[in-house]
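K.L.:
So that you have it, the file is data-v2.tsv, and it contains TSV, C-alpha atoms:
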```tsv
chain	number	residue	atom	x	y	z
A	1	MET	CA	129.19	76.90	71.00
A	2	ALA	CA	130.42	73.46	72.07
A	3	LEU	CA	128.47	70.46	70.83
A	4	ASN	CA	128.62	66.96	72.27
A	5	ASN	CA	129.74	64.52	69.54
A	6	ASP	CA	127.31	61.91	70.89
A	7	ILE	CA	124.46	64.23	69.92
A	8	LEU	CA	125.74	64.47	66.36
A	9	LYS	CA	126.05	60.68	66.12
A	10	ASN	CA	122.32	60.31	66.77
A	11	LEU	CA	121.40	62.60	63.87
A	12	THR	CA	120.96	61.79	60.22
A	13	GLU	CA	123.51	63.11	57.75
A	14	ALA	CA	121.13	65.86	56.65
A	15	GLU	CA	120.42	66.83	60.29
A	16	ARG	CA	124.13	66.96	61.11
A	17	LYS	CA	124.81	69.26	58.16
A	18	GLU	CA	121.97	71.55	59.20
A	19	VAL	CA	123.12	71.72	62.82
A	20	LEU	CA	126.71	72.47	61.83
A	21	ARG	CA	125.54	75.13	59.37
A	22	ILE	CA	123.47	76.87	62.03
A	23	LEU	CA	126.32	76.76	64.55
A	24	LYS	CA	128.77	78.12	61.96
A	25	ASP	CA	126.41	81.02	61.15
A	26	LYS	CA	125.97	81.75	64.85
A	27	ALA	CA	129.72	81.70	65.47
A	28	GLU	CA	130.10	84.24	62.65
A	29	GLY	CA	127.52	86.55	64.19
A	30	ASN	CA	124.53	85.55	62.06
A	31	HIS	CA	121.83	84.45	64.53
A	32	SER	CA	118.86	84.38	62.15
A	33	SER	CA	118.96	80.62	61.44
A	34	TYR	CA	119.39	79.82	65.13
A	35	MET	CA	116.48	82.06	66.14
A	36	GLU	CA	114.28	80.58	63.43
A	37	LEU	CA	115.07	77.11	64.78
A	38	LEU	CA	114.04	78.21	68.27
A	39	ARG	CA	110.78	79.68	67.01
A	40	LYS	CA	109.70	76.35	65.48
A	41	ASP	CA	108.95	75.08	68.98
A	42	TYR	CA	106.32	77.76	69.62
A	43	ASP	CA	102.67	78.33	68.78
A	44	GLU	CA	103.43	81.97	69.52
A	45	ILE	CA	106.66	83.74	70.40
A	46	PRO	CA	106.74	84.83	74.07
A	47	VAL	CA	106.93	88.54	74.79
A	48	ASP	CA	109.63	89.97	77.05
A	49	ILE	CA	109.03	90.16	80.80
A	50	GLU	CA	108.25	93.89	80.90
A	51	THR	CA	105.65	93.62	78.14
A	52	PHE	CA	104.14	90.64	79.95
A	53	LEU	CA	103.75	92.71	83.12
A	54	ARG	CA	102.58	95.98	81.58
A	55	ASP	CA	100.42	94.96	78.62
A	56	PRO	CA	96.68	94.60	79.50
A	57	LEU	CA	96.55	91.52	77.27
A	58	TYR	CA	98.76	89.67	79.76
A	59	LEU	CA	99.03	90.82	83.41
A	60	GLY	CA	98.68	94.57	82.90
A	61	LYS	CA	95.05	94.80	84.08
A	62	GLY	CA	95.93	93.33	87.46
A	63	LEU	CA	99.10	95.35	88.00
A	64	VAL	CA	97.70	98.89	88.10
A	65	ASP	CA	96.07	100.73	91.01
A	66	ASP	CA	92.83	102.72	90.96
A	67	GLU	CA	94.67	105.67	89.41
A	68	GLY	CA	96.22	103.56	86.66
A	69	ARG	CA	99.73	103.50	88.11
A	70	PHE	CA	101.92	100.44	87.57
A	71	THR	CA	102.26	98.65	90.92
A	72	VAL	CA	105.49	96.68	90.41
A	73	PHE	CA	108.27	98.58	92.16
A	74	PRO	CA	111.11	99.71	89.85
A	75	TYR	CA	113.62	97.63	91.82
A	76	TRP	CA	111.63	94.45	91.23
A	77	LEU	CA	111.04	95.27	87.58
A	78	GLU	CA	114.76	95.74	86.97
A	79	THR	CA	115.49	92.52	88.88
A	80	LEU	CA	113.04	90.60	86.70
A	81	LYS	CA	114.51	92.06	83.52
A	82	LYS	CA	117.95	90.87	84.64
A	83	LEU	CA	116.54	87.45	85.45
A	84	TYR	CA	114.83	87.22	82.03
A	85	PRO	CA	116.91	89.14	79.48
A	86	ASP	CA	115.61	86.98	76.60
A	87	PRO	CA	112.09	85.52	76.41
A	88	LEU	CA	113.34	82.54	74.39
A	89	LYS	CA	116.03	81.52	76.86
A	90	PRO	CA	115.88	80.08	80.41
A	91	ALA	CA	116.06	82.40	83.40
A	92	LYS	CA	119.53	83.44	84.51
A	93	CYS	CA	119.23	81.30	87.64
A	94	ARG	CA	117.38	78.10	88.56
A	95	THR	CA	116.79	78.96	92.23
A	96	LEU	CA	115.91	82.42	93.51
A	97	VAL	CA	116.01	83.11	97.26
A	98	GLU	CA	114.19	86.21	98.47
A	99	SER	CA	114.55	87.55	102.00
A	100	GLY	CA	113.76	90.72	103.89
A	101	ALA	CA	111.02	92.46	105.81
A	102	ILE	CA	107.30	91.81	105.43
A	103	GLY	CA	105.74	94.00	102.77
A	104	LEU	CA	108.67	94.21	100.37
A	105	GLY	CA	106.79	92.25	97.70
A	106	LYS	CA	108.70	88.97	97.86
A	107	SER	CA	105.70	86.67	97.47
A	108	PHE	CA	104.18	88.97	94.87
A	109	VAL	CA	107.32	88.87	92.72
A	110	ALA	CA	107.56	85.09	93.12
A	111	VAL	CA	104.02	84.83	91.73
A	112	LEU	CA	104.97	87.04	88.77
A	113	ILE	CA	107.93	84.76	88.05
A	114	GLY	CA	105.74	81.67	88.21
A	115	LEU	CA	103.19	83.19	85.85
A	116	TYR	CA	105.86	84.24	83.36
A	117	GLU	CA	107.27	80.71	83.38
A	118	LEU	CA	103.75	79.32	82.94
A	119	TYR	CA	103.04	81.76	80.10
A	120	ARG	CA	106.21	80.81	78.25
A	121	MET	CA	105.41	77.11	78.62
A	122	MET	CA	101.91	77.66	77.28
A	123	CYS	CA	103.40	79.38	74.23
A	124	LEU	CA	105.13	76.12	73.27
A	125	LYS	CA	103.54	73.83	70.69
A	126	ASN	CA	104.12	70.79	72.87
A	127	PRO	CA	105.74	71.25	76.31
A	128	TYR	CA	106.17	67.48	76.69
A	129	VAL	CA	108.24	67.14	73.53
A	130	TYR	CA	110.21	70.29	74.32
A	131	TYR	CA	111.21	69.10	77.80
A	132	GLY	CA	111.50	65.40	76.94
A	133	LEU	CA	108.63	64.27	79.17
A	134	GLN	CA	106.07	61.51	78.75
A	135	GLU	CA	102.57	62.72	78.04
A	136	ILE	CA	101.20	60.51	80.81
A	137	ASP	CA	102.91	62.92	83.26
A	138	THR	CA	101.38	66.18	84.44
A	139	ILE	CA	103.60	69.26	84.43
A	140	THR	CA	103.13	70.93	87.81
A	141	PHE	CA	103.41	74.52	88.99
A	142	ALA	CA	103.12	74.47	92.78
A	143	VAL	CA	102.67	76.96	95.62
A	144	MET	CA	103.84	75.54	98.97
A	145	ASN	CA	103.64	76.88	102.51
A	146	ILE	CA	103.64	75.57	106.08
A	147	THR	CA	99.84	75.14	106.08
A	148	MET	CA	97.23	74.78	103.35
A	149	ASP	CA	95.59	78.01	104.47
A	150	ALA	CA	98.89	79.88	104.23
A	151	ALA	CA	99.65	78.41	100.80
A	152	LYS	CA	96.25	79.48	99.52
A	153	GLY	CA	96.18	82.88	101.17
A	154	VAL	CA	99.73	84.10	100.54
A	155	ALA	CA	100.42	83.28	96.89
A	156	TRP	CA	97.66	81.14	95.40
A	157	ASP	CA	94.99	83.84	95.68
A	158	LYS	CA	97.34	86.42	94.12
A	159	LEU	CA	98.08	84.05	91.26
A	160	GLN	CA	94.42	83.32	90.61
A	161	GLN	CA	93.42	86.98	90.74
A	162	LEU	CA	96.05	87.91	88.18
A	163	VAL	CA	95.24	85.17	85.67
A	164	GLN	CA	91.51	85.80	85.99
A	165	LEU	CA	92.11	89.43	84.99
A	166	SER	CA	94.24	88.43	82.01
A	167	PRO	CA	92.56	88.07	78.59
A	168	TRP	CA	95.49	85.97	77.38
A	169	PHE	CA	95.21	83.38	80.15
A	170	LEU	CA	91.40	83.37	80.11
A	171	ASP	CA	91.37	82.67	76.38
A	172	ARG	CA	93.60	79.63	76.78
A	173	GLY	CA	92.61	78.07	80.09
A	174	THR	CA	89.35	77.15	81.77
A	175	LEU	CA	87.51	78.48	84.81
A	176	GLY	CA	86.06	75.88	87.14
A	177	GLY	CA	83.99	75.96	90.30
A	178	THR	CA	80.94	77.96	91.29
A	179	THR	CA	81.77	80.03	94.39
A	180	ASN	CA	85.60	79.92	94.51
A	181	ARG	CA	86.31	79.90	90.80
A	182	GLU	CA	89.76	78.68	89.81
A	183	TRP	CA	91.54	79.04	86.50
A	184	ARG	CA	93.17	75.89	85.12
A	185	PRO	CA	95.85	75.82	82.40
A	186	PRO	CA	95.76	73.73	79.21
A	187	LYS	CA	98.32	71.41	77.59
A	188	GLY	CA	98.59	68.92	80.46
A	189	ILE	CA	99.78	71.56	82.93
A	190	GLU	CA	98.40	71.82	86.46
A	191	LEU	CA	98.44	74.45	89.19
A	192	LEU	CA	98.26	73.33	92.80
A	193	TYR	CA	98.96	74.50	96.32
A	194	GLY	CA	100.03	72.39	99.27
A	195	SER	CA	101.87	72.14	102.58
A	196	GLN	CA	103.34	68.63	102.59
A	197	SER	CA	105.87	66.84	100.41
A	198	ARG	CA	103.18	64.27	99.53
A	199	HIS	CA	101.27	67.01	97.73
A	200	ILE	CA	103.94	67.21	95.02
A	201	ILE	CA	106.06	64.07	95.29
A	202	GLY	CA	106.04	61.99	92.12
A	203	ARG	CA	104.88	64.88	89.97
A	204	ALA	CA	106.84	66.51	87.14
A	205	VAL	CA	107.33	69.76	89.06
A	206	PHE	CA	108.56	72.50	86.76
A	207	TRP	CA	108.21	75.50	89.09
A	208	CYS	CA	107.63	75.65	92.82
A	209	PHE	CA	107.26	78.52	95.28
A	210	PHE	CA	108.22	77.71	98.89
A	211	ASP	CA	107.29	80.20	101.61
A	212	GLU	CA	108.08	80.41	105.32
```
Can you present the structure in this file as structure tokens?
P.N.:
Amino acid sequence: MALNNDILKNLTEAERKEVLRILKDKAEGNHSSYMELLRKDYDEIPVDIETFLRDPLYLGKGLVDDEGRFTVFPYWLETLKKLYPDPLKPAKCRTLVESGAIGLGKSFVAVLIGLYELYRMMCLKNPYVYYGLQEIDTITFAVMNITMDAAKGVAWDKLQQLVQLSPWFLDRGTLGGTTNREWRPPKGIELLYGSQSRHIIGRAVFWCFFDE
């Protein structure tokens, strides 16, 4: 693993020794120290994507039909497992483009991706420190479409239904509103939907779903 010398210069002598020791162990096939370092950033270690989708603690309650059958098509499940082979590492790509006929599950899978990213961020002790942001910012997860009605109806409602069936999300966020109840995340994170650039411009957008 290559390491920028400028990074080492900004560390104390003890920190440099520790970093070099961990990298040496990793190069020799011993990943335990490296993994332990990663885990220090988390309140809880994220589960893998398949567990997240199947386990009733996470999204499992919302992803079964009336007969108890898992509703994520095998093709999409395998695609998501390739996209997220390791719950402690970023997705294999930064931008995912989905195309095809209506009814293939494109928007549905995009919502699952957004919720997995949100879940992993909520597992962090401090997302602002982890991503080098100022705490006066708000970390945004956004659903965008050509109209507000389309943004709300296509993906936002799916997202809200899934989190409101999830014990894990309900235990950590808050439900607001009286008639159209909406779940809101903790830790300075916001969920929003919109149709214009002004709805998200200036925000610290971490994940965004664009449709149509």
K.L.:
Within 12 Å of region 61-67 of chain A, counting only C-alpha atoms, which residues qualify if same-chain residues fewer than 5 places away don't, as an mmCIF file with C-alpha atoms, in the coordinates of the input?
P.N.:
```cif
data_model
loop_
_atom_site.group_PDB
_atom_site.id
_atom_site.type_symbol
_atom_site.label_atom_id
_atom_site.label_comp_id
_atom_site.auth_asym_id
_atom_site.auth_seq_id
_atom_site.Cartn_x
_atom_site.Cartn_y
_atom_site.Cartn_z
ATOM 1 C CA GLU A 50 108.250 93.890 80.900
ATOM 2 C CA THR A 51 105.650 93.620 78.140
ATOM 3 C CA PHE A 52 104.140 90.640 79.950
ATOM 4 C CA LEU A 53 103.750 92.710 83.120
ATOM 5 C CA ARG A 54 102.580 95.980 81.580
ATOM 6 C CA ASP A 55 100.420 94.960 78.620
ATOM 7 C CA PRO A 56 96.680 94.600 79.500
ATOM 8 C CA VAL A 72 105.490 96.680 90.410
ATOM 9 C CA PHE A 73 108.270 98.580 92.160
ATOM 10 C CA LEU A 77 111.040 95.270 87.580
ATOM 11 C CA PHE A 108 104.180 88.970 94.870
ATOM 12 C CA VAL A 109 107.320 88.870 92.720
ATOM 13 C CA LEU A 112 104.970 87.040 88.770
ATOM 14 C CA LYS A 158 97.340 86.420 94.120
ATOM 15 C CA LEU A 159 98.080 84.050 91.260
ATOM 16 C CA GLN A 160 94.420 83.320 90.610
ATOM 17 C CA GLN A 161 93.420 86.980 90.740
ATOM 18 C CA LEU A 162 96.050 87.910 88.180
ATOM 19 C CA VAL A 163 95.240 85.170 85.670
ATOM 20 C CA GLN A 164 91.510 85.800 85.990
ATOM 21 C CA LEU A 165 92.110 89.430 84.990
ATOM 22 C CA SER A 166 94.240 88.430 82.010
ATOM 23 C CA PRO A 167 92.560 88.070 78.590
ATOM 24 C CA TRP A 168 95.490 85.970 77.380
#
```
K.L.:
Could you name the residues that touch region 146-154 of chain A at 7 Å or less, counting all atoms listed in the file, but leaving out those on the same chain fewer than 2 positions away, as number ranges by chain?
P.N.:
A: 143-144, 156-157, 193-195, 212
K.L.:
Using only C-alpha atoms, pick whichever of A:Asp211, A:Asp171, A:Glu36, A:Asp25 has the shortest atom-to-atom distance to Tyr58 (chain A).
P.N.:
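Answer, going by the shortest atom-to-atom distance: A:Asp171.
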K.L.:
Which one is closest to Trp207 (chain A): A:Trp183, A:Glu117, A:Tyr130, A:Phe169? Count only C-alpha atoms.
P.N.:
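Answer, going by the shortest atom-to-atom distance: A:Glu117.
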K.L.:
Give me, please, the distance in Å between CA of Asn180 (chain A) and CA of Ile102 (chain A), quoted to one decimal.
P.N.:
27.0 Å
K.L.:
So which one's closest to Thr95 (chain A), A:Phe141, A:Ala110, A:Asp48, A:Leu175? Using only C-alpha atoms, please.
P.N.:
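Closest to Thr95 (chain A) of all the choices is A:Ala110.
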K.L.:
Report the distance between CA of Leu20 (chain A) and CA of Tyr84 (chain A) in Å, rounded to one decimal place.
P.N.:
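CA of Leu20 (chain A) sits 27.7 Å away from CA of Tyr84 (chain A).
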K.L.:
Leaving out Ser33 (chain A) and any residue of its chain fewer than 6 positions from it, which residues lie within 10 Å of it when counting only C-alpha atoms, given as a list in words?
P.N.:
Glu18, Val19, Arg21, Ile22, Leu23, Asp25, Lys26 and Arg39 of chain A
K.L.:
Just how far from CA of Phe206 (chain A) is CA of Gly132 (chain A), in Å to one decimal?
P.N.:
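Separation between CA of Gly132 (chain A) and CA of Phe206 (chain A): 12.5 Å.
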K.L.:
Which one of A:Asn126, A:Ser107, A:Thr174, A:Thr79 sits closest to Lys187 (chain A) if you count all atoms listed in the file?
P.N.:
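Of all the options, A:Asn126 lies closest to Lys187 (chain A).
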K.L.:
Let me make sure I understand: among A:Ile113, A:Leu133, A:Lys106, A:Thr140, which one has the smallest atom-to-atom distance to Arg184 (chain A) if we use only C-alpha atoms?
P.N.:
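Nearest to Arg184 (chain A): A:Thr140.
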K.L.:
Find, counting only C-alpha atoms, the residue in A:Val205, A:Ala14, A:Leu37, A:Ala91 that gets nearest to Tyr131 (chain A).
P.N.:
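Closest to Tyr131 (chain A), using only C-alpha atoms: A:Val205.
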K.L.:
Using all atoms listed in the file, determine which residues lie at most 7 Å from Tyr42 (chain A), disregarding the query and same-chain residues fewer than 6 positions distant; provide the list as a short mmCIF file (atom, residue, chain, number, x, y, z; two decimals) with C-alpha atoms, keeping the file's coordinate frame.
P.N.:
```cif
data_model
loop_
_atom_site.label_atom_id
_atom_site.label_comp_id
_atom_site.auth_asym_id
_atom_site.auth_seq_id
_atom_site.Cartn_x
_atom_site.Cartn_y
_atom_site.Cartn_z
CA CYS A 123 103.40 79.38 74.23
CA LEU A 124 105.13 76.12 73.27
CA LYS A 125 103.54 73.83 70.69
#
```
